[in-house]
file start38.tsv (TSV, C-alpha atoms)
chain	number	residue	atom	x	y	z
A	25	MET	CA	109.24	173.27	86.99
A	26	LYS	CA	109.23	172.78	83.27
A	27	ASP	CA	106.21	171.45	81.42
A	28	GLY	CA	106.67	167.77	80.72
A	29	ALA	CA	107.79	166.94	84.25
A	30	THR	CA	106.28	163.74	85.60
A	31	VAL	CA	105.09	163.40	89.18
A	32	TRP	CA	104.02	160.10	90.75
A	33	LEU	CA	101.67	160.49	93.70
A	34	PRO	CA	100.09	157.96	96.12
A	35	TYR	CA	96.82	159.92	95.69
A	36	GLN	CA	94.63	160.47	92.65
A	37	ARG	CA	95.05	163.98	91.29
A	38	GLU	CA	91.43	164.89	92.08
A	39	GLN	CA	92.20	164.20	95.74
A	40	ILE	CA	94.66	167.11	95.74
A	41	PRO	CA	92.86	170.09	94.21
A	42	GLY	CA	94.98	173.09	93.35
A	43	LEU	CA	98.11	171.31	92.14
A	44	PRO	CA	100.27	173.41	89.82
A	45	ASP	CA	99.56	173.05	86.10
A	46	GLY	CA	102.23	171.78	83.77
A	47	PRO	CA	103.43	168.42	85.08
A	48	THR	CA	101.95	165.08	84.24
A	49	TYR	CA	100.52	163.52	87.41
A	50	ARG	CA	100.23	159.78	87.75
A	51	TYR	CA	98.87	157.67	90.60
A	52	TRP	CA	101.06	155.01	92.19
A	53	ASP	CA	100.43	153.63	95.66
A	54	GLY	CA	103.30	151.16	95.65
A	55	ALA	CA	101.01	148.14	95.33
A	56	GLY	CA	99.54	148.36	91.84
A	57	PRO	CA	101.29	148.24	88.47
A	58	LEU	CA	103.61	151.07	87.52
A	59	PRO	CA	101.62	153.88	85.86
A	60	GLY	CA	104.27	154.65	83.26
A	61	ASP	CA	107.97	154.64	82.47
A	62	PRO	CA	110.01	155.15	85.69
A	63	ASP	CA	112.73	156.80	83.61
A	64	GLU	CA	110.43	159.81	83.06
A	65	VAL	CA	109.73	160.49	86.74
A	66	THR	CA	111.21	163.71	88.14
A	67	PHE	CA	109.25	163.99	91.40
A	68	LEU	CA	108.30	160.84	93.30
A	69	VAL	CA	106.17	160.76	96.44
A	70	GLY	CA	106.95	157.57	98.34
A	71	PRO	CA	103.85	155.55	99.22
A	72	PRO	CA	103.02	155.67	102.95
A	73	VAL	CA	103.01	151.92	103.45
A	74	PRO	CA	104.93	149.60	105.78
A	75	GLY	CA	108.19	148.52	104.23
A	76	ALA	CA	108.17	151.41	101.75
A	77	GLU	CA	111.92	151.07	101.31
A	78	ARG	CA	111.42	147.59	99.83
A	79	VAL	CA	108.85	148.94	97.38
A	80	LEU	CA	111.04	151.86	96.39
A	81	SER	CA	114.15	149.74	96.00
A	82	ARG	CA	112.53	148.13	92.96
A	83	VAL	CA	111.86	151.39	91.10
A	84	LEU	CA	114.49	153.92	92.18
A	85	PRO	CA	117.32	152.38	90.11
A	86	ARG	CA	115.12	152.90	87.02
A	87	MET	CA	114.40	156.59	87.74
A	88	ARG	CA	117.36	158.24	86.06
A	89	ALA	CA	115.61	161.63	85.73
A	90	LEU	CA	114.58	161.82	89.38
A	91	ARG	CA	115.10	165.19	91.07
A	92	VAL	CA	113.02	164.84	94.25
A	93	LEU	CA	112.01	161.92	96.42
A	94	GLN	CA	109.37	163.15	98.85
A	95	LEU	CA	108.56	160.97	101.85
A	96	LEU	CA	105.33	161.25	103.82
A	97	SER	CA	107.05	160.23	107.04
A	98	SER	CA	109.09	162.29	109.46
A	99	GLY	CA	111.90	159.75	109.58
A	100	TYR	CA	114.17	158.87	106.69
A	101	ASP	CA	116.68	156.44	108.20
A	102	HIS	CA	115.09	153.58	106.27
A	103	MET	CA	115.97	155.32	102.99
A	104	MET	CA	119.67	155.86	103.64
A	105	PRO	CA	120.75	152.52	102.09
A	106	LEU	CA	118.98	153.54	98.86
A	107	LEU	CA	120.73	156.87	98.33
A	108	GLY	CA	123.20	155.29	95.95
A	109	THR	CA	120.39	154.13	93.65
A	110	MET	CA	119.29	157.72	92.93
A	111	PRO	CA	120.86	160.16	90.46
A	112	ALA	CA	123.31	162.75	91.78
A	113	GLY	CA	121.50	165.89	92.86
A	114	THR	CA	118.31	164.15	93.92
A	115	ARG	CA	116.77	165.81	96.98
A	116	LEU	CA	115.33	163.58	99.68
A	117	ALA	CA	112.64	165.43	101.65
A	118	THR	CA	110.51	164.36	104.60
A	119	ALA	CA	107.12	165.37	105.98
A	120	ARG	CA	108.65	166.58	109.24
A	121	GLY	CA	106.06	168.36	111.34
A	122	VAL	CA	103.04	167.17	109.37
A	123	HIS	CA	102.23	164.37	111.83
A	124	ARG	CA	103.39	165.99	115.06
A	125	GLU	CA	99.93	166.55	116.52
A	126	ALA	CA	98.74	162.99	115.90
A	127	THR	CA	101.96	161.39	117.12
A	128	ALA	CA	102.10	163.59	120.22
A	129	GLU	CA	98.49	162.72	120.98
A	130	LEU	CA	99.29	159.01	120.91
A	131	ALA	CA	102.41	159.48	123.05
A	132	VAL	CA	100.40	161.20	125.77
A	133	THR	CA	97.61	158.61	125.46
A	134	LEU	CA	100.11	155.80	125.99
A	135	LEU	CA	101.70	157.52	128.98
A	136	LEU	CA	98.29	158.13	130.57
A	137	THR	CA	97.37	154.50	129.93
A	138	LEU	CA	100.49	153.28	131.73
A	139	SER	CA	100.09	155.71	134.60
A	140	ARG	CA	96.42	155.02	135.30
A	141	GLY	CA	96.61	151.29	134.51
A	142	ILE	CA	94.02	151.44	131.74
A	143	ASP	CA	95.53	148.41	130.03
A	144	GLY	CA	94.95	146.34	133.17
A	145	PHE	CA	91.38	147.59	133.59
A	146	VAL	CA	90.57	146.67	129.99
A	147	GLY	CA	91.76	143.13	130.65
A	148	ARG	CA	89.61	142.89	133.79
A	149	GLN	CA	86.58	144.23	131.96
A	150	ALA	CA	86.80	141.28	129.58
A	151	GLU	CA	86.64	139.03	132.67
A	152	ALA	CA	83.87	141.08	134.34
A	153	ARG	CA	86.16	141.75	137.31
A	154	TRP	CA	85.45	144.83	139.46
A	155	ARG	CA	88.71	145.52	141.29
A	156	PRO	CA	89.42	149.16	142.17
A	157	GLU	CA	93.00	150.18	142.79
A	158	VAL	CA	95.00	153.35	143.41
A	159	ARG	CA	97.13	154.36	140.44
A	160	PRO	CA	99.72	157.13	139.99
A	161	THR	CA	98.76	160.46	138.45
A	162	LEU	CA	100.88	162.36	135.94
A	163	TYR	CA	100.41	165.54	137.94
A	164	GLY	CA	103.73	166.66	139.36
A	165	ARG	CA	105.66	163.81	137.73
A	166	ARG	CA	109.07	164.46	136.17
A	167	VAL	CA	108.98	163.44	132.50
A	168	LEU	CA	112.02	163.38	130.22
A	169	VAL	CA	111.09	164.12	126.62
A	170	VAL	CA	114.03	162.89	124.56
A	171	GLY	CA	114.14	164.61	121.19
A	172	HIS	CA	113.06	168.22	120.82
A	173	GLY	CA	111.93	168.33	117.22
A	174	ALA	CA	108.36	168.89	116.10
A	175	VAL	CA	106.94	165.83	117.87
A	176	GLY	CA	108.95	166.28	121.06
A	177	ALA	CA	107.88	169.90	121.37
A	178	ALA	CA	104.22	168.93	120.86
A	179	VAL	CA	104.49	166.15	123.48
A	180	ALA	CA	106.05	168.55	125.98
A	181	ALA	CA	103.30	171.11	125.44
A	182	ARG	CA	100.58	168.55	126.06
A	183	LEU	CA	102.21	167.09	129.15
A	184	GLY	CA	102.62	170.58	130.56
A	185	ALA	CA	98.83	170.84	130.62
A	186	PHE	CA	98.77	167.82	132.94
A	187	GLY	CA	101.02	169.56	135.44
A	188	CYS	CA	104.10	167.48	134.65
A	189	GLU	CA	107.62	168.73	135.27
A	190	ILE	CA	109.05	168.54	131.76
A	191	VAL	CA	112.76	167.97	131.14
A	192	LEU	CA	113.74	168.44	127.50
A	193	VAL	CA	116.67	166.51	126.01
A	194	ALA	CA	118.16	166.82	122.52
A	195	ARG	CA	121.49	166.24	120.79
A	196	THR	CA	122.87	169.62	121.85
A	197	ALA	CA	122.06	171.91	124.76
A	198	ARG	CA	120.21	175.11	123.95
A	199	THR	CA	117.45	177.41	125.07
A	200	SER	CA	114.12	177.04	123.29
A	201	PRO	CA	110.80	178.88	123.62
A	202	ALA	CA	109.75	175.97	125.86
A	203	GLY	CA	112.76	176.45	128.14
A	204	ARG	CA	116.11	174.80	128.70
A	205	VAL	CA	117.03	171.86	126.48
A	206	HIS	CA	119.61	169.49	127.96
A	207	ALA	CA	122.27	167.83	125.84
A	208	ALA	CA	122.11	164.09	125.25
A	209	ALA	CA	125.45	163.85	127.05
A	210	GLU	CA	123.58	164.72	130.27
A	211	LEU	CA	121.13	161.84	129.89
A	212	ALA	CA	122.96	159.45	132.23
A	213	ASP	CA	122.57	161.92	135.08
A	214	LEU	CA	118.98	162.80	134.22
A	215	LEU	CA	117.58	159.27	133.94
A	216	PRO	CA	117.61	158.42	137.68
A	217	THR	CA	115.51	161.54	138.34
A	218	ALA	CA	112.75	160.67	135.87
A	219	ASP	CA	109.33	159.21	136.62
A	220	ALA	CA	108.76	158.72	132.91
A	221	VAL	CA	110.58	159.00	129.59
A	222	VAL	CA	109.03	159.70	126.19
A	223	LEU	CA	111.25	158.95	123.19
A	224	CYS	CA	110.76	161.27	120.20
A	225	ALA	CA	114.33	161.35	118.85
A	226	PRO	CA	115.23	160.53	115.24
A	227	LEU	CA	117.15	157.36	114.50
A	228	THR	CA	120.79	158.14	113.73
A	229	GLU	CA	124.07	156.41	114.40
A	230	ARG	CA	124.27	158.50	117.57
A	231	THR	CA	120.82	157.52	118.84
A	232	ARG	CA	120.73	153.87	117.76
A	233	GLY	CA	120.62	151.80	120.94
A	234	MET	CA	120.90	154.87	123.17
A	235	PHE	CA	118.54	153.21	125.64
A	236	ASP	CA	120.59	150.10	126.22
A	237	ALA	CA	120.72	147.92	129.32
A	238	ASP	CA	122.85	150.46	131.20
A	239	ALA	CA	120.53	153.37	130.42
A	240	LEU	CA	117.43	151.40	131.38
A	241	ALA	CA	119.07	150.31	134.63
A	242	ARG	CA	119.51	153.97	135.58
A	243	LEU	CA	115.75	154.51	135.62
A	244	LYS	CA	114.12	154.31	139.03
A	245	ASP	CA	111.90	151.38	139.98
A	246	GLY	CA	108.38	151.94	138.67
A	247	ALA	CA	109.44	154.34	135.91
A	248	MET	CA	107.48	154.40	132.65
A	249	LEU	CA	108.88	154.56	129.13
A	250	VAL	CA	107.00	155.44	125.94
A	251	ASN	CA	108.53	155.15	122.47
A	252	VAL	CA	106.87	156.84	119.48
A	253	ALA	CA	110.15	157.39	117.59
A	254	ARG	CA	111.98	154.33	116.26
A	255	GLY	CA	112.28	150.87	117.76
A	256	GLU	CA	116.04	150.80	117.26
A	257	LEU	CA	116.52	153.48	119.93
A	258	LEU	CA	115.87	150.74	122.48
A	259	ASP	CA	117.65	147.51	123.31
A	260	THR	CA	114.58	145.28	123.03
A	261	ALA	CA	116.04	142.37	124.98
A	262	ALA	CA	116.96	144.71	127.83
A	263	VAL	CA	113.44	146.18	127.80
A	264	VAL	CA	111.96	142.70	128.09
A	265	ARG	CA	114.20	141.90	131.07
A	266	GLU	CA	113.32	145.11	132.91
A	267	VAL	CA	109.57	144.75	132.32
A	268	ARG	CA	109.54	141.04	133.14
A	269	GLY	CA	111.33	141.84	136.41
A	270	GLY	CA	108.59	144.34	137.27
A	271	ARG	CA	110.90	147.37	137.44
A	272	LEU	CA	109.62	149.27	134.40
A	273	ARG	CA	106.41	149.68	132.43
A	274	VAL	CA	106.62	150.45	128.72
A	275	ALA	CA	104.33	151.46	125.87
A	276	LEU	CA	105.80	151.02	122.40
A	277	ASP	CA	104.31	152.27	119.14
A	278	VAL	CA	107.53	151.24	117.40
A	279	THR	CA	109.56	148.10	117.97
A	280	ASP	CA	112.76	146.38	116.97
A	281	PRO	CA	112.12	144.16	115.09
A	282	GLU	CA	109.11	145.59	113.29
A	283	PRO	CA	106.58	144.19	112.71
A	284	LEU	CA	106.86	142.41	116.03
A	285	PRO	CA	106.87	138.62	115.49
A	286	ASP	CA	103.80	136.73	116.70
A	287	ASP	CA	105.81	134.84	119.31
A	288	HIS	CA	107.65	137.85	120.73
A	289	PRO	CA	107.36	138.13	124.53
A	290	LEU	CA	106.36	141.82	124.37
A	291	TRP	CA	102.92	140.83	123.09
A	292	ARG	CA	101.99	139.03	126.31
A	293	LEU	CA	104.27	140.60	128.88
A	294	PRO	CA	102.42	142.26	131.80
A	295	GLY	CA	103.63	145.85	131.98
A	296	ALA	CA	104.18	146.18	128.22
A	297	LEU	CA	101.69	147.82	125.85
A	298	VAL	CA	102.27	147.58	122.11
A	299	THR	CA	100.56	149.53	119.33
A	300	PRO	CA	101.47	148.75	115.68
A	301	HIS	CA	103.24	151.98	114.58
A	302	VAL	CA	100.03	153.98	114.23
A	303	GLY	CA	101.14	157.32	115.68
A	304	ALA	CA	100.69	159.29	112.46
A	305	PHE	CA	97.82	157.31	111.01
A	306	THR	CA	94.56	159.01	111.91
A	307	ASP	CA	91.53	160.01	109.89
A	308	VAL	CA	93.22	163.34	109.07
A	309	PHE	CA	96.33	161.72	107.59
A	310	PRO	CA	95.11	162.14	103.97
A	311	ARG	CA	94.18	165.80	104.49
A	312	MET	CA	97.40	166.67	106.28
A	313	THR	CA	99.61	164.97	103.72
A	314	THR	CA	97.76	166.24	100.64
A	315	ASP	CA	97.86	169.81	101.99
A	316	PHE	CA	101.59	169.41	102.50
A	317	LEU	CA	102.12	167.94	99.03
A	318	ARG	CA	100.17	170.78	97.40
A	319	ARG	CA	102.41	173.35	99.08
A	320	GLN	CA	105.57	171.40	98.32
A	321	LEU	CA	104.74	170.94	94.64
A	322	HIS	CA	103.97	174.65	94.25
A	323	ARG	CA	107.40	175.40	95.70
A	324	TYR	CA	108.94	172.98	93.25
A	325	ALA	CA	107.00	174.52	90.35
A	326	ARG	CA	108.23	178.01	91.26
A	327	GLY	CA	111.80	176.84	91.67
A	328	GLU	CA	111.77	177.66	95.39
A	329	GLU	CA	113.60	175.86	98.15
A	330	LEU	CA	111.68	172.79	99.27
A	331	ASP	CA	110.68	172.16	102.86
A	332	ASN	CA	112.39	169.44	104.90
A	333	VAL	CA	115.18	168.50	102.49
A	334	VAL	CA	117.46	166.28	104.54
A	335	VAL	CA	119.87	164.88	101.93
A	336	THR	CA	120.98	165.80	98.42
A	337	THR	CA	122.65	162.87	96.73
A	338	THR	CA	126.16	163.29	95.38
A	339	GLY	CA	126.47	160.21	93.23
A	340	TYR	CA	129.19	158.79	95.48
A	341	GLU	CA	126.88	157.00	97.89
A	342	ALA	CA	126.85	153.74	95.96
A	343	GLY	CA	130.63	153.56	95.95
A	344	GLU	CA	130.79	154.44	99.64
A	345	GLN	CA	128.35	151.67	100.50
A	346	ALA	CA	130.33	149.16	98.48
A	347	ALA	CA	133.63	150.16	100.09
call {"tool": "encode", "arguments": {"input": "start38.tsv", "output": "structure tokens"}}
result
Amino acid sequence: MKDGATVWLPYQREQIPGLPDGPTYRYWDGAGPLPGDPDEVTFLVGPPVPGAERVLSRVLPRMRALRVLQLLSSGYDHMMPLLGTMPAGTRLATARGVHREATAELAVTLLLTLSRGIDGFVGRQAEARWRPEVRPTLYGRRVLVVGHGAVGAAVAARLGAFGCEIVLVARTARTSPAGRVHAAAELADLLPTADAVVLCAPLTERTRGMFDADALARLKDGAMLVNVARGELLDTAAVVREVRGGRLRVALDVTDPEPLPDDHPLWRLPGALVTPHVGAFTDVFPRMTTDFLRRQLHRYARGEELDNVVVTTTGYEAGEQAA
């Protein structure tokens, strides 16, 4: 990285000790005024805020020297419509793997909550109602973990400790250190065998709506579904119908639409638990992301290959989108 490069970060420089010398570092969290001329920025770290794509859409067209757009999320589907606003050769990188532990922890928490009926007990506590009941255990249950990336692997490892029978599903069949991974094409046959499903798959054109009404109908009565991936993997209306009918119980950290409107039935539907997309956001989020950024910026400074580059723009994206 040549001296004179400009890096915009959503953290103050003193919050990331050990950054490489040479570049000019400026703080921009997406909310305050721009800290300088966008045309000088070569490395931009997207602010980790809801609706980041809307924030970035206002500055990316002005960043004609941009070489790297670094996201602090694992997903990048929300940035695809903006590829055409970036110069050719810009690398889009994610923070894949940085939040796997936190997200996996929430996924297992949500599944345990559904299984043991904790959401119902919390409601009764507010009414001072002592009503014991027998609830299912996760022990021995067959759980489909859909998506075998960093988060899916971490979820599977944790559920294994509870004595679950784990069935791994990804886009293509393969053998992993955790065992056999089934192809997504096998999902229709696997769903009727599952006691629970945990969605950890990325959002792509292949996975969008993969859990539609037909897929949900294949699940057995009483099955549980947890989504910590993207809301668009699910047909929300079909989820509401299945939960309202008492067949399924769901816990959703992500929804479609998102944020969930105040009047949406999922908020008040017995058998549905909603958390507001908080899987990655724990007290260690700043430390995990600043450690990652320090390593990534040192790679950039040394001219090394960056971690988690998912797209390099060609300059044709804008024309393709307009076609």
call {"tool": "residues_around", "arguments": {"input": "start38.tsv", "residues": "A:Val335", "least_positions_apart": "3", "cutoff": "8 Å", "atoms": "all atoms listed in the file", "output": "number ranges by chain"}}
result
A: 115-117
call {"tool": "closest_residue", "arguments": {"input": "start38.tsv", "among": "A:Ala152, A:Ala296, A:Val83, A:Glu77", "to": "A:Trp52", "atoms": "only C-alpha atoms"}}
result
A:Val83
call {"tool": "residues_around", "arguments": {"input": "start38.tsv", "residues": "A:Thr313", "least_positions_apart": "2", "cutoff": "9 Å", "atoms": "only C-alpha atoms", "output": "PDB file with C-alpha atoms, in the frame of the given file"}}
result
ATOM      1  CA  LEU A  96     105.330 161.250 103.820  1.00  0.00           C
ATOM      2  CA  ALA A 119     107.120 165.370 105.980  1.00  0.00           C
ATOM      3  CA  VAL A 122     103.040 167.170 109.370  1.00  0.00           C
ATOM      4  CA  HIS A 123     102.230 164.370 111.830  1.00  0.00           C
ATOM      5  CA  VAL A 308      93.220 163.340 109.070  1.00  0.00           C
ATOM      6  CA  PHE A 309      96.330 161.720 107.590  1.00  0.00           C
ATOM      7  CA  PRO A 310      95.110 162.140 103.970  1.00  0.00           C
ATOM      8  CA  ARG A 311      94.180 165.800 104.490  1.00  0.00           C
ATOM      9  CA  ASP A 315      97.860 169.810 101.990  1.00  0.00           C
ATOM     10  CA  PHE A 316     101.590 169.410 102.500  1.00  0.00           C
ATOM     11  CA  LEU A 317     102.120 167.940  99.030  1.00  0.00           C
ATOM     12  CA  ARG A 318     100.170 170.780  97.400  1.00  0.00           C
TER      13      ARG A 318
END
call {"tool": "residues_around", "arguments": {"input": "start38.tsv", "residues": "A:Val267", "least_positions_apart": "4", "cutoff": "7 Å", "atoms": "only C-alpha atoms", "output": "list in words"}}
result
Val263, Arg271, Leu272, Arg273, Gly295 and Ala296 of chain A
call {"tool": "residues_around", "arguments": {"input": "start38.tsv", "residues": "A:Glu266", "least_positions_apart": "2", "cutoff": "12 Å", "atoms": "all atoms listed in the file", "output": "number ranges by chain"}}
result
A: 236-249, 259-264, 268-274, 290, 293-296
call {"tool": "closest_residue", "arguments": {"input": "start38.tsv", "among": "A:Arg78, A:Arg292, A:Arg155, A:His206", "to": "A:Val169", "atoms": "only C-alpha atoms"}}
result
A:His206
call {"tool": "residues_around", "arguments": {"input": "start38.tsv", "residues": "A:Thr279", "least_positions_apart": "3", "cutoff": "12 Å", "atoms": "only C-alpha atoms", "output": "number ranges by chain"}}
result
A: 250-261, 263-264, 274-276, 282-285, 288, 290-291, 296-302
call {"tool": "atom_distance", "arguments": {"input": "start38.tsv", "atom1": "atom CA of A:Met110", "atom2": "atom CA of A:Val73"}}
result
20.2 Å
call {"tool": "closest_residue", "arguments": {"input": "start38.tsv", "among": "A:Gly164, A:Gly173, A:Gly113, A:Gly233", "to": "A:Glu189", "atoms": "all atoms listed in the file"}}
result
A:Gly164
call {"tool": "decode", "arguments": {"input": "start38.tsv", "residues": "stretch 91-106 of chain A", "atoms": "N, CA, C and O atoms", "output": "compact mmCIF listing (two decimals), in the first residue's frame"}}
result
# COMPACT_ATOMS: atom_id res chain seq x y z
N ARG A 91 -10.42 0.94 -3.99
CA ARG A 91 -9.86 -0.35 -4.37
C ARG A 91 -10.44 -1.50 -3.56
O ARG A 91 -10.46 -2.63 -4.02
N VAL A 92 -10.89 -1.20 -2.32
CA VAL A 92 -11.44 -2.25 -1.46
C VAL A 92 -12.64 -1.70 -0.70
O VAL A 92 -12.57 -0.61 -0.12
N LEU A 93 -13.73 -2.45 -0.73
CA LEU A 93 -14.86 -2.20 0.16
C LEU A 93 -14.94 -3.40 1.10
O LEU A 93 -15.23 -4.51 0.67
N GLN A 94 -14.64 -3.16 2.36
CA GLN A 94 -14.63 -4.21 3.37
C GLN A 94 -15.91 -4.14 4.20
O GLN A 94 -16.19 -3.12 4.83
N LEU A 95 -16.69 -5.21 4.19
CA LEU A 95 -17.88 -5.28 5.03
C LEU A 95 -17.53 -5.93 6.36
O LEU A 95 -16.60 -6.73 6.44
N LEU A 96 -18.30 -5.64 7.38
CA LEU A 96 -18.13 -6.26 8.68
C LEU A 96 -19.21 -7.30 8.94
O LEU A 96 -19.38 -7.76 10.07
N SER A 97 -19.91 -7.68 7.88
CA SER A 97 -20.92 -8.73 7.96
C SER A 97 -20.42 -9.94 7.19
O SER A 97 -19.50 -9.85 6.37
N SER A 98 -21.07 -11.09 7.44
CA SER A 98 -20.74 -12.29 6.67
C SER A 98 -21.44 -12.28 5.32
O SER A 98 -20.91 -12.77 4.33
N GLY A 99 -22.65 -11.73 5.27
CA GLY A 99 -23.41 -11.67 4.04
C GLY A 99 -23.06 -10.44 3.23
O GLY A 99 -22.59 -9.43 3.76
N TYR A 100 -23.30 -10.53 1.93
CA TYR A 100 -23.03 -9.40 1.05
C TYR A 100 -24.12 -9.21 0.00
O TYR A 100 -24.00 -8.37 -0.88
N ASP A 101 -25.20 -9.97 0.10
CA ASP A 101 -26.26 -9.91 -0.89
C ASP A 101 -26.83 -8.50 -1.02
O ASP A 101 -27.20 -8.06 -2.11
N HIS A 102 -26.87 -7.78 0.12
CA HIS A 102 -27.43 -6.43 0.10
C HIS A 102 -26.58 -5.45 -0.68
O HIS A 102 -27.05 -4.36 -1.05
N MET A 103 -25.31 -5.82 -0.97
CA MET A 103 -24.43 -4.92 -1.69
C MET A 103 -24.41 -5.16 -3.19
O MET A 103 -23.88 -4.35 -3.95
N MET A 104 -24.98 -6.27 -3.63
CA MET A 104 -24.91 -6.61 -5.05
C MET A 104 -25.47 -5.52 -5.97
O MET A 104 -24.89 -5.23 -7.02
N PRO A 105 -26.59 -4.87 -5.61
CA PRO A 105 -27.10 -3.82 -6.51
C PRO A 105 -26.17 -2.61 -6.62
O PRO A 105 -26.36 -1.79 -7.52
N LEU A 106 -25.19 -2.49 -5.73
CA LEU A 106 -24.30 -1.33 -5.74
C LEU A 106 -22.98 -1.59 -6.45
O LEU A 106 -22.13 -0.70 -6.52
